[in-house]
>>> print(open('structure_13.cif').read())   # mmCIF, C-alpha atoms
data_work
#
loop_
_atom_site.label_atom_id
_atom_site.label_comp_id
_atom_site.auth_asym_id
_atom_site.auth_seq_id
_atom_site.Cartn_x
_atom_site.Cartn_y
_atom_site.Cartn_z
CA MET A 1 -14.44 26.16 13.96
CA THR A 2 -15.50 25.22 17.50
CA ASN A 3 -15.38 21.95 19.40
CA ASN A 4 -19.12 21.52 18.91
CA ASP A 5 -19.23 21.91 15.13
CA ARG A 6 -20.96 19.05 13.37
CA PHE A 7 -20.08 17.44 10.04
CA ASP A 8 -21.56 14.73 7.86
CA VAL A 9 -18.13 13.18 7.19
CA VAL A 10 -14.83 13.46 9.02
CA VAL A 11 -11.74 12.44 7.03
CA VAL A 12 -8.90 11.68 9.44
CA GLY A 13 -5.57 12.25 7.68
CA GLY A 14 -5.06 14.59 4.74
CA GLY A 15 -2.55 12.34 3.02
CA SER A 16 -2.38 10.83 -0.46
CA ALA A 17 -5.84 9.30 -0.14
CA GLY A 18 -7.39 11.64 2.44
CA ALA A 19 -7.01 14.74 0.29
CA VAL A 20 -8.68 12.92 -2.60
CA LEU A 21 -11.54 11.73 -0.39
CA ALA A 22 -12.19 15.21 0.95
CA ALA A 23 -12.24 16.67 -2.57
CA ARG A 24 -14.54 14.00 -3.95
CA LEU A 25 -16.93 13.86 -0.99
CA SER A 26 -17.34 17.63 -0.87
CA GLU A 27 -18.46 17.71 -4.51
CA ASP A 28 -21.95 17.26 -3.07
CA PRO A 29 -22.79 20.72 -1.64
CA SER A 30 -25.32 19.21 0.77
CA ARG A 31 -22.62 17.14 2.50
CA THR A 32 -20.39 18.86 5.06
CA VAL A 33 -16.84 17.48 5.23
CA LEU A 34 -14.09 18.02 7.80
CA LEU A 35 -10.53 17.10 6.78
CA LEU A 36 -8.07 16.71 9.68
CA GLU A 37 -4.32 16.66 9.04
CA ALA A 38 -1.68 15.97 11.72
CA GLY A 39 0.89 18.13 9.96
CA PRO A 40 0.65 21.58 8.39
CA ALA A 41 -2.23 22.29 6.01
CA TYR A 42 -0.45 24.64 3.62
CA GLY A 43 -2.27 26.90 1.21
CA LEU A 44 -1.39 26.36 -2.43
CA GLY A 45 1.13 29.20 -2.40
CA GLU A 46 2.66 28.21 0.94
CA TYR A 47 4.27 24.82 0.29
CA PRO A 48 8.04 25.02 0.94
CA ASP A 49 10.59 24.11 -1.73
CA VAL A 50 11.48 20.85 0.01
CA LEU A 51 7.98 19.61 -0.84
CA LEU A 52 7.63 21.23 -4.26
CA ASP A 53 11.00 20.32 -5.77
CA ALA A 54 10.55 16.90 -7.41
CA GLU A 55 14.31 16.34 -7.29
CA ARG A 56 14.27 16.40 -3.48
CA VAL A 57 12.86 13.09 -2.27
CA GLY A 58 11.96 12.28 1.33
CA GLY A 59 11.10 15.73 2.64
CA ASP A 60 12.65 16.88 5.91
CA GLU A 61 12.18 16.37 9.64
CA GLU A 62 9.48 19.02 9.86
CA HIS A 63 7.27 17.11 7.41
CA ASP A 64 8.07 13.52 8.41
CA TRP A 65 6.61 11.07 10.93
CA GLY A 66 10.08 9.88 11.94
CA PHE A 67 9.57 6.18 11.26
CA HIS A 68 12.58 3.84 10.98
CA GLY A 69 13.26 0.25 10.10
CA ARG A 70 16.21 -1.86 11.22
CA ALA A 71 18.80 -3.63 9.09
CA GLY A 72 20.71 -6.58 10.49
CA ARG A 73 20.41 -8.15 13.92
CA SER A 74 23.58 -7.18 15.73
CA GLY A 75 27.04 -5.78 15.30
CA ALA A 76 28.10 -3.41 12.53
CA LEU A 77 25.11 -4.24 10.32
CA ASP A 78 22.60 -3.33 13.02
CA ARG A 79 21.42 0.13 12.02
CA LYS A 80 18.27 2.17 11.64
CA ILE A 81 17.01 2.96 8.15
CA PRO A 82 14.72 5.98 7.73
CA ALA A 83 11.25 5.21 6.36
CA PRO A 84 10.00 8.63 5.21
CA ARG A 85 6.25 9.20 5.52
CA GLY A 86 4.85 12.64 4.78
CA LYS A 87 3.25 14.54 7.66
CA VAL A 88 1.61 17.36 5.71
CA LEU A 89 -1.47 18.01 3.61
CA GLY A 90 -0.84 15.68 0.69
CA GLY A 91 0.92 13.10 2.87
CA SER A 92 3.63 10.98 1.31
CA SER A 93 2.63 12.19 -2.16
CA ALA A 94 4.26 15.47 -1.07
CA VAL A 95 7.65 13.87 -0.34
CA ASN A 96 7.92 10.83 -2.63
CA ALA A 97 9.63 10.40 -6.00
CA ALA A 98 6.39 11.30 -7.85
CA VAL A 99 6.47 8.10 -9.90
CA ALA A 100 3.11 7.57 -11.63
CA LEU A 101 3.10 3.92 -12.70
CA ARG A 102 -0.05 1.82 -12.77
CA ALA A 103 -0.32 -1.77 -11.64
CA LEU A 104 0.22 -4.24 -14.48
CA PRO A 105 -2.76 -5.61 -16.44
CA SER A 106 -1.45 -9.08 -15.56
CA ASP A 107 -1.81 -8.24 -11.86
CA PHE A 108 -5.48 -7.37 -12.30
CA ALA A 109 -6.00 -10.55 -14.32
CA ALA A 110 -4.48 -12.63 -11.52
CA TRP A 111 -6.69 -10.99 -8.90
CA THR A 112 -9.79 -11.54 -11.04
CA ALA A 113 -8.84 -15.19 -11.55
CA ARG A 114 -8.76 -15.58 -7.76
CA GLY A 115 -12.32 -14.32 -7.43
CA LEU A 116 -11.88 -10.58 -6.83
CA SER A 117 -14.77 -8.80 -8.51
CA GLY A 118 -14.81 -5.19 -9.69
CA TRP A 119 -11.03 -5.06 -10.16
CA SER A 120 -10.50 -6.25 -13.69
CA TRP A 121 -8.15 -4.23 -15.91
CA GLY A 122 -11.08 -2.89 -17.94
CA GLU A 123 -13.00 -1.75 -14.86
CA VAL A 124 -10.04 -0.08 -13.18
CA LEU A 125 -8.89 1.50 -16.44
CA GLU A 126 -11.83 3.90 -16.40
CA THR A 127 -10.74 5.16 -12.99
CA TYR A 128 -7.17 5.57 -14.17
CA ARG A 129 -8.39 7.59 -17.16
CA ALA A 130 -10.69 9.72 -15.00
CA LEU A 131 -7.95 10.83 -12.59
CA GLU A 132 -5.32 11.47 -15.26
CA ASN A 133 -4.44 14.57 -17.23
CA THR A 134 -1.74 13.78 -19.78
CA GLU A 135 -0.80 14.69 -23.33
CA SER A 136 0.86 11.37 -24.14
CA GLY A 137 -0.39 7.88 -24.90
CA ASP A 138 -3.39 6.39 -26.64
CA ASP A 139 -6.82 7.86 -25.86
CA ARG A 140 -8.07 4.35 -25.15
CA PHE A 141 -5.83 4.15 -22.09
CA HIS A 142 -5.30 7.74 -20.98
CA GLY A 143 -7.32 10.67 -19.69
CA ARG A 144 -6.93 14.27 -20.82
CA SER A 145 -8.91 16.24 -18.26
CA GLY A 146 -8.48 14.60 -14.83
CA PRO A 147 -7.15 16.39 -11.74
CA LEU A 148 -3.72 14.70 -11.64
CA PRO A 149 -1.12 15.91 -14.19
CA ILE A 150 0.93 13.01 -15.56
CA HIS A 151 4.07 13.42 -17.66
CA GLN A 152 5.68 10.65 -19.70
CA ARG A 153 9.37 11.42 -19.77
CA THR A 154 11.18 10.93 -23.06
CA TYR A 155 14.57 9.35 -23.63
CA ASP A 156 16.08 12.76 -24.35
CA GLU A 157 14.95 14.09 -20.95
CA LEU A 158 16.91 11.45 -19.05
CA THR A 159 20.33 11.78 -17.51
CA PRO A 160 23.22 10.00 -19.30
CA ALA A 161 23.18 7.32 -16.60
CA LEU A 162 19.48 6.55 -17.14
CA GLN A 163 19.92 6.56 -20.90
CA ALA A 164 22.75 4.06 -20.49
CA PHE A 165 20.50 1.86 -18.34
CA ILE A 166 17.84 1.77 -21.06
CA ASP A 167 20.42 1.10 -23.76
CA ALA A 168 21.94 -1.74 -21.75
CA SER A 169 18.50 -3.23 -21.07
CA GLU A 170 17.73 -3.28 -24.77
CA GLN A 171 21.08 -4.96 -25.44
CA GLN A 172 20.04 -7.65 -22.99
CA GLY A 173 16.85 -8.30 -24.92
CA TYR A 174 14.30 -6.16 -23.10
CA ARG A 175 11.72 -4.44 -25.29
CA ARG A 176 11.74 -0.63 -25.44
CA VAL A 177 8.30 0.50 -24.25
CA GLY A 178 6.80 3.79 -25.34
CA ASP A 179 3.99 3.80 -22.80
CA PRO A 180 4.57 1.97 -19.49
CA ASN A 181 0.97 2.77 -18.49
CA GLY A 182 -0.55 1.29 -21.65
CA ASP A 183 -1.86 -2.19 -22.37
CA GLN A 184 1.61 -3.69 -23.03
CA PRO A 185 3.90 -2.24 -20.35
CA ASP A 186 6.42 -5.08 -20.06
CA GLY A 187 9.91 -3.91 -20.97
CA VAL A 188 12.07 -0.87 -20.28
CA ALA A 189 11.01 2.77 -20.53
CA PRO A 190 11.58 6.23 -19.07
CA ILE A 191 9.58 6.69 -15.91
CA THR A 192 6.19 8.39 -15.81
CA VAL A 193 5.80 11.11 -13.18
CA ASN A 194 3.24 13.46 -11.66
CA VAL A 195 5.52 16.47 -12.05
CA VAL A 196 4.89 19.76 -13.83
CA SER A 197 7.86 22.05 -14.58
CA GLY A 198 9.86 20.41 -11.81
CA VAL A 199 7.06 20.75 -9.23
CA ARG A 200 5.79 17.61 -7.47
CA GLN A 201 2.00 17.43 -7.88
CA SER A 202 0.89 16.00 -4.54
CA THR A 203 -2.78 15.30 -3.91
CA GLY A 204 -2.80 18.35 -1.63
CA ILE A 205 -2.08 20.43 -4.74
CA ALA A 206 -3.75 18.48 -7.54
CA TYR A 207 -7.02 17.66 -5.76
CA LEU A 208 -7.32 20.42 -3.16
CA THR A 209 -7.31 23.28 -5.64
CA GLU A 210 -8.34 26.83 -4.78
CA ASP A 211 -11.87 26.11 -5.99
CA VAL A 212 -12.11 22.97 -3.86
CA ARG A 213 -10.68 24.67 -0.79
CA GLY A 214 -13.18 27.48 -1.25
CA ARG A 215 -16.21 25.22 -0.96
CA PRO A 216 -18.36 26.33 1.98
CA ASN A 217 -19.07 22.70 2.91
CA LEU A 218 -15.38 21.73 3.25
CA THR A 219 -13.31 22.56 6.33
CA ILE A 220 -9.58 21.76 6.44
CA ARG A 221 -7.73 21.83 9.75
CA GLY A 222 -3.98 21.25 10.09
CA TRP A 223 -1.88 20.37 13.13
CA THR A 224 -4.71 18.13 14.33
CA GLU A 225 -3.55 14.62 15.13
CA THR A 226 -6.47 12.33 15.91
CA ASP A 227 -5.95 9.71 18.61
CA LEU A 228 -9.40 8.29 19.23
CA ALA A 229 -12.77 7.81 17.57
CA LEU A 230 -15.79 7.40 19.85
CA LEU A 231 -18.32 4.98 18.42
CA THR A 232 -21.98 4.28 19.13
CA TRP A 233 -23.40 1.19 17.43
CA GLY A 234 -20.65 1.33 14.82
CA ASN A 235 -21.13 5.02 14.01
CA VAL A 236 -18.61 7.71 14.87
CA GLN A 237 -19.96 10.27 17.31
CA ARG A 238 -16.79 12.31 17.63
CA VAL A 239 -13.04 12.14 17.15
CA LEU A 240 -10.53 13.22 19.77
CA ARG A 241 -6.97 14.40 19.64
CA SER A 242 -4.34 14.60 22.35
CA ALA A 243 -4.81 18.38 22.71
CA ASP A 244 -8.47 17.76 23.57
CA PHE A 245 -9.77 19.11 20.27
CA THR A 246 -13.13 17.49 19.50
CA ALA A 247 -15.06 17.44 16.25
CA ARG A 248 -18.53 16.10 16.77
CA ALA A 249 -19.97 14.26 13.81
CA ALA A 250 -23.30 15.41 12.45
CA GLN A 251 -26.61 13.63 12.44
CA GLN A 252 -26.91 12.37 8.87
CA ARG A 253 -29.55 14.19 6.85
CA ARG A 254 -30.06 11.24 4.52
CA GLU A 255 -30.12 8.34 6.97
CA PRO A 256 -30.70 8.00 10.73
CA SER A 257 -27.10 7.49 11.81
CA SER A 258 -24.19 9.65 12.83
CA ALA A 259 -21.50 10.60 10.36
CA LYS A 260 -18.84 8.02 9.71
CA ILE A 261 -15.12 8.54 9.54
CA ALA A 262 -14.30 8.18 5.88
CA GLU A 263 -10.70 7.16 6.28
CA LEU A 264 -7.84 6.81 8.71
CA ASP A 265 -4.94 7.86 6.50
CA GLY A 266 -1.57 7.50 8.23
#
>>> encode(input="structure_13.cif", output="structure tokens")
Amino acid sequence: MTNNDRFDVVVVGGGSAGAVLAARLSEDPSRTVLLLEAGPAYGLGEYPDVLLDAERVGGDEEHDWGFHGRAGRSGALDRKIPAPRGKVLGGSSAVNAAVALRALPSDFAAWTARGLSGWSWGEVLETYRALENTESGDDRFHGRSGPLPIHQRTYDELTPALQAFIDASEQQGYRRVGDPNGDQPDGVAPITVNVVSGVRQSTGIAYLTEDVRGRPNLTIRGWTETDLALLTWGNVQRVLRSADFTARAAQQRREPSSAKIAELDG
């Protein structure tokens, strides 16, 4: 790729959302897509164990942005607290705890009651089902062929400490829930995860498969941190990084405007 290459869409940041955007947008073979990632853009067989092992949460310095928060105002309690954010293809989905819990139906109902359209439980449910690939749960609420593998852990899979937590919760009157991503999730249940055989299924793995990466209209570039987007009448003409790499956006084939940045993803 050269500094003068042109693309219909530039996705800045190959994180949890950016990898999904690049995969979905490049489904149209007539649309050229450039995905820029500030960290490494590993091939599917190149991810290190620190990112694959679902038991290791937070990644390491090589794959982290180095953000911190502060606790306390002064004295002994004044300390920095790490705020891990993934700097790698797949973003924070490559370093997090791989918990796959949906928002509650009651949350969507509250948003709808406040006037938000298009975000009712029924409308969003179809998207949840489309992205999911799971063997558990009711077909009305779960997908079987989506790109993201979801596993509902059972009670027997849990550690003794987690089993004790569920037992104690039931003793306190909480309902045991079989499907925390179903229509009645209130209660206590084993967590649902996007993990397969101990391997964390980040969006860089689940969405950017070998077939997707092999599309001739999709270009993925790692180690490319974008600092600036140059705009003309609201349309992105090019994006710039500190090392003077430039990707010039293409003239749209379907409308008379330059390509737009699809996302700025952390």
>>> resolve_selection(input="structure_13.cif", expression="the PyMOL selection byres ((chain A and resi 200) around 6)", output="MDAnalysis selection string")
chainID A and resid 52 54 195 199 201:202
>>> write_last_selection(input="structure_13.cif", atoms="C-alpha atoms", output="compact mmCIF listing (two decimals), in the frame of the given file")
# COMPACT_ATOMS: atom_id res chain seq x y z
CA LEU A 52 7.63 21.23 -4.26
CA ALA A 54 10.55 16.90 -7.41
CA VAL A 195 5.52 16.47 -12.05
CA VAL A 199 7.06 20.75 -9.23
CA GLN A 201 2.00 17.43 -7.88
CA SER A 202 0.89 16.00 -4.54
>>> residues_around(input="structure_13.cif", residues="segment 59-73 of chain A", least_positions_apart="2", cutoff="8 Å", atoms="all atoms listed in the file", output="PyMOL selection string")
chain A and resi 39+50-51+56-57+75+77-88+94-96
>>> residues_around(input="structure_13.cif", residues="Gly122 of chain A", least_positions_apart="6", cutoff="12 Å", atoms="all atoms listed in the file", output="ChimeraX atom specification")
/A:104-106,108-109,112,128-129,140-141,182-183
>>> atom_distance(input="structure_13.cif", atom1="atom CA of Gly187 of chain A", atom2="atom CA of Ile150 of chain A")
19.9 Å
>>> atom_distance(input="structure_13.cif", atom1="atom CA of Val20 of chain A", atom2="atom CA of Arg153 of chain A")
25.0 Å
>>> atom_distance(input="structure_13.cif", atom1="atom CA of Gly118 of chain A", atom2="atom CA of Asn194 of chain A")
26.0 Å
>>> closest_residue(input="structure_13.cif", among="A:Ala113, A:Gly198, A:Gly178, A:Ala206", to="Asp49 of chain A", atoms="all atoms listed in the file")
A:Gly198
>>> resolve_selection(input="structure_13.cif", expression="the PyMOL selection byres ((chain A and resi 161-166) around 8)", output="VMD selection string")
chain A and resid 155 158 to 160 167 to 170 176 188 to 190
>>> residues_around(input="structure_13.cif", residues="segment 15-19 of chain A", least_positions_apart="4", cutoff="8 Å", atoms="all atoms listed in the file", output="MDAnalysis selection string")
chainID A and resid 11 23 35 37 86:93 202:204 207:208 263:266
>>> closest_residue(input="structure_13.cif", among="A:Val12, A:Ile205, A:Phe7, A:Val177", to="Leu228 of chain A", atoms="only C-alpha atoms")
A:Val12
>>> closest_residue(input="structure_13.cif", among="A:Ala38, A:Leu231, A:Leu131, A:Leu101", to="Ile191 of chain A", atoms="all atoms listed in the file")
A:Leu101
>>> resolve_selection(input="structure_13.cif", expression="the PyMOL selection byres ((chain A and resi 27) around 12)", output="list in words")
Val20, Leu21, Ala22, Ala23, Arg24, Leu25, Ser26, Asp28, Pro29, Ser30, Arg31, Thr32, Val33, Tyr207, Leu208, Asp211, Val212, Arg213, Gly214, Arg215, Pro216, Asn217 and Leu218 of chain A
>>> closest_residue(input="structure_13.cif", among="A:Val239, A:Val196, A:Ala103, A:Ala110", to="Val124 of chain A", atoms="only C-alpha atoms")
A:Ala103
>>> closest_residue(input="structure_13.cif", among="A:Ser145, A:Thr219, A:Thr192, A:Thr134", to="Val9 of chain A", atoms="all atoms listed in the file")
A:Thr219
>>> residues_around(input="structure_13.cif", residues="Glu132 of chain A", least_positions_apart="5", cutoff="7 Å", atoms="all atoms listed in the file", output="tab-separated table (two decimals) with C-alpha atoms, keeping the file's coordinate frame")
chain	number	residue	atom	x	y	z
A	142	HIS	CA	-5.30	7.74	-20.98
A	143	GLY	CA	-7.32	10.67	-19.69
A	144	ARG	CA	-6.93	14.27	-20.82
A	145	SER	CA	-8.91	16.24	-18.26
A	146	GLY	CA	-8.48	14.60	-14.83
A	147	PRO	CA	-7.15	16.39	-11.74
A	148	LEU	CA	-3.72	14.70	-11.64
A	149	PRO	CA	-1.12	15.91	-14.19
A	150	ILE	CA	0.93	13.01	-15.56
>>> build_atoms(input="structure_13.cif", residues="segment 7-22 of chain A", atoms="N, CA and C atoms", output="tab-separated table (two decimals), keeping the file's coordinate frame")
chain	number	residue	atom	x	y	z
A	7	PHE	N	-20.37	17.71	11.44
A	7	PHE	CA	-20.08	17.44	10.04
A	7	PHE	C	-20.68	16.11	9.64
A	8	ASP	N	-21.04	16.00	8.36
A	8	ASP	CA	-21.56	14.73	7.86
A	8	ASP	C	-20.45	13.68	7.78
A	9	VAL	N	-19.26	14.10	7.36
A	9	VAL	CA	-18.13	13.18	7.19
A	9	VAL	C	-16.87	13.82	7.77
A	10	VAL	N	-16.12	13.03	8.53
A	10	VAL	CA	-14.83	13.46	9.02
A	10	VAL	C	-13.77	12.57	8.37
A	11	VAL	N	-12.85	13.17	7.64
A	11	VAL	CA	-11.74	12.44	7.03
A	11	VAL	C	-10.51	12.66	7.91
A	12	VAL	N	-10.03	11.60	8.53
A	12	VAL	CA	-8.90	11.68	9.44
A	12	VAL	C	-7.62	11.37	8.66
A	13	GLY	N	-6.80	12.39	8.44
A	13	GLY	CA	-5.57	12.25	7.68
A	13	GLY	C	-5.71	12.84	6.29
A	14	GLY	N	-4.99	13.93	6.04
A	14	GLY	CA	-5.06	14.59	4.74
A	14	GLY	C	-3.95	14.15	3.82
A	15	GLY	N	-3.66	12.85	3.81
A	15	GLY	CA	-2.55	12.34	3.02
A	15	GLY	C	-2.92	12.05	1.57
A	16	SER	N	-2.19	11.12	0.96
A	16	SER	CA	-2.38	10.83	-0.46
A	16	SER	C	-3.81	10.48	-0.78
A	17	ALA	N	-4.45	9.68	0.08
A	17	ALA	CA	-5.84	9.30	-0.14
A	17	ALA	C	-6.82	10.27	0.52
A	18	GLY	N	-6.46	10.78	1.71
A	18	GLY	CA	-7.39	11.64	2.44
A	18	GLY	C	-7.73	12.91	1.71
A	19	ALA	N	-6.74	13.51	1.05
A	19	ALA	CA	-7.01	14.74	0.29
A	19	ALA	C	-7.96	14.46	-0.87
A	20	VAL	N	-7.79	13.30	-1.50
A	20	VAL	CA	-8.68	12.92	-2.60
A	20	VAL	C	-10.10	12.69	-2.08
A	21	LEU	N	-10.22	11.98	-0.97
A	21	LEU	CA	-11.54	11.73	-0.39
A	21	LEU	C	-12.26	13.03	-0.06
A	22	ALA	N	-11.57	13.94	0.57
A	22	ALA	CA	-12.19	15.21	0.95
A	22	ALA	C	-12.67	15.97	-0.28
